[in-house]
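Below you'll find the structure, written out as structure tokens, and then a few comments.
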Amino acid sequence: MDQQKIGNFMKTLRKEHNLTQEELADKMLVSRRTVSRWETGNNMPDIEVLIEIADLYDIDLRELLNGERKQDTMKPEIKETAIMAADYTNENHETIRKTYHVMFIIAAITGLISLVLEFIELNGPIFDFLRGLGAGITFGMVLVGAFYTSKNSPKISKWKRNLFA
């Protein structure tokens with residue numbers, strides 16, 4: 001896929017429909033800056049957004065992905081498959097988000113326990129272990145959160161899949 005070509009095509013379509021970047025952003029529930037990034041080819045919308053854009057401009061999804069108009073139209077089965085893929089992606093992202101949410105709550109609780117044990121100054125090997133465990137879990141979750149929210153997250157996921165494949 002040529003992101004620059006797709007971006008230029010999206011810009012042309014937007015202008016043909018007399019929309020500003022701000023108006024398109026409002027329709028797609030994104031920022032104007034995001035629309036600008038799409039049109040310059042710096043970023044691409046998610047598949048579900050691409051489907052919405054194709055519907056908005058009344059064009060075939062393949063046309064949008066090719067960055068040019070075609071004479072034939074998308075078969076309903078192909079569109080249905082693309083929508084199913086988008087739904088699967090959304091469900092997968094939601095599952096991952098919920099998992100990380102629970103992990104961050106656990107990290108916050110263990111961090112608080114660690115702090116409480118530090119301030120009430122209980123001594124002994126068990127309390128030292130619990131303080132260290134709480135601090136370690138909290139620090140580990142901060143690292144996981146940093147990696148998960150970074151731009152390198154897809155690369156890390158790909159590396160992980162290849163490692164355990």
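Naming works like this for the structure tokens: A, B, ... for the chains as they're shown, residue 1 at the start of each chain, ligands 1 onward in shown order.
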If you run DSSP on the backbone here, which positions in region 1-164 of chain A get alpha helix (DSSP H)? Please write them as a ChimeraX atom specification. /A:3-16,21-28,32-40,47-56,61-66,76-119,125-149,153-164
Skipping near chain neighbours, those fewer than 2 positions away, what residues fall within 10 Å of region 90-101 of chain A using only C-alpha atoms, listed as a list in words?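 Answer for this query is Asp46, Ile47, Glu48, Met84, Ala85, Ala86, Asp87, Tyr88, Met103, Phe104, Ile105, Ile106, Ala107, Met141, Val144, Gly145 and Tyr148 of chain A.
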Would you mind listing what lies within 8 Å of region 127-136 of chain A as a list in words, with only C-alpha atoms counted and same-chain residues fewer than 5 positions away left out?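 Residues meeting the cut-off are Ala107, Thr110, Gly111, Leu112, Ile113, Ser114, Leu115, Leu117, Glu118 and Leu122 of chain A.
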Nearest candidate to Arg62 (chain A) (options A:Val102, A:Val116, A:Ile6, A:Ala25; using only C-alpha atoms):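 Counting only C-alpha atoms, the residue closest to Arg62 (chain A) is A:Ile6.
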Quick one: of A:Leu65, A:Ile83, A:Ile109, A:Val35, who's nearest to Asp2 (chain A), counting only C-alpha atoms? A:Leu65
Determine the nearest neighbour of Val49 (chain A) from the options A:Thr34, A:Asn8, A:Thr81, A:Gln21, counting only C-alpha atoms. A:Thr34
Of the residues A:Ile53, A:Met28, A:Val142, A:Leu13, which is the one nearest to Glu68 (chain A), using only C-alpha atoms? A:Leu13
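The space between CA of Glu63 (chain A) and CA of Gln3 (chain A) spans 13.0 Å.
With distances restricted to only C-alpha atoms, A:Gly67 is the closest residue to Lys5 (chain A) from A:Gly67, A:Met44, A:Trp38, A:Ser31.
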Test item: residues at most 12 Å from Arg32 (chain A), only C-alpha atoms, excluding those fewer than 5 positions along its chain, as a count of residues only: 12
What gap, in Å, lies between CA of Ile137 (chain A) and CA of Leu163 (chain A)?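 Computing the Euclidean distance for CA of Ile137 (chain A) and CA of Leu163 (chain A) yields 24.0 Å.
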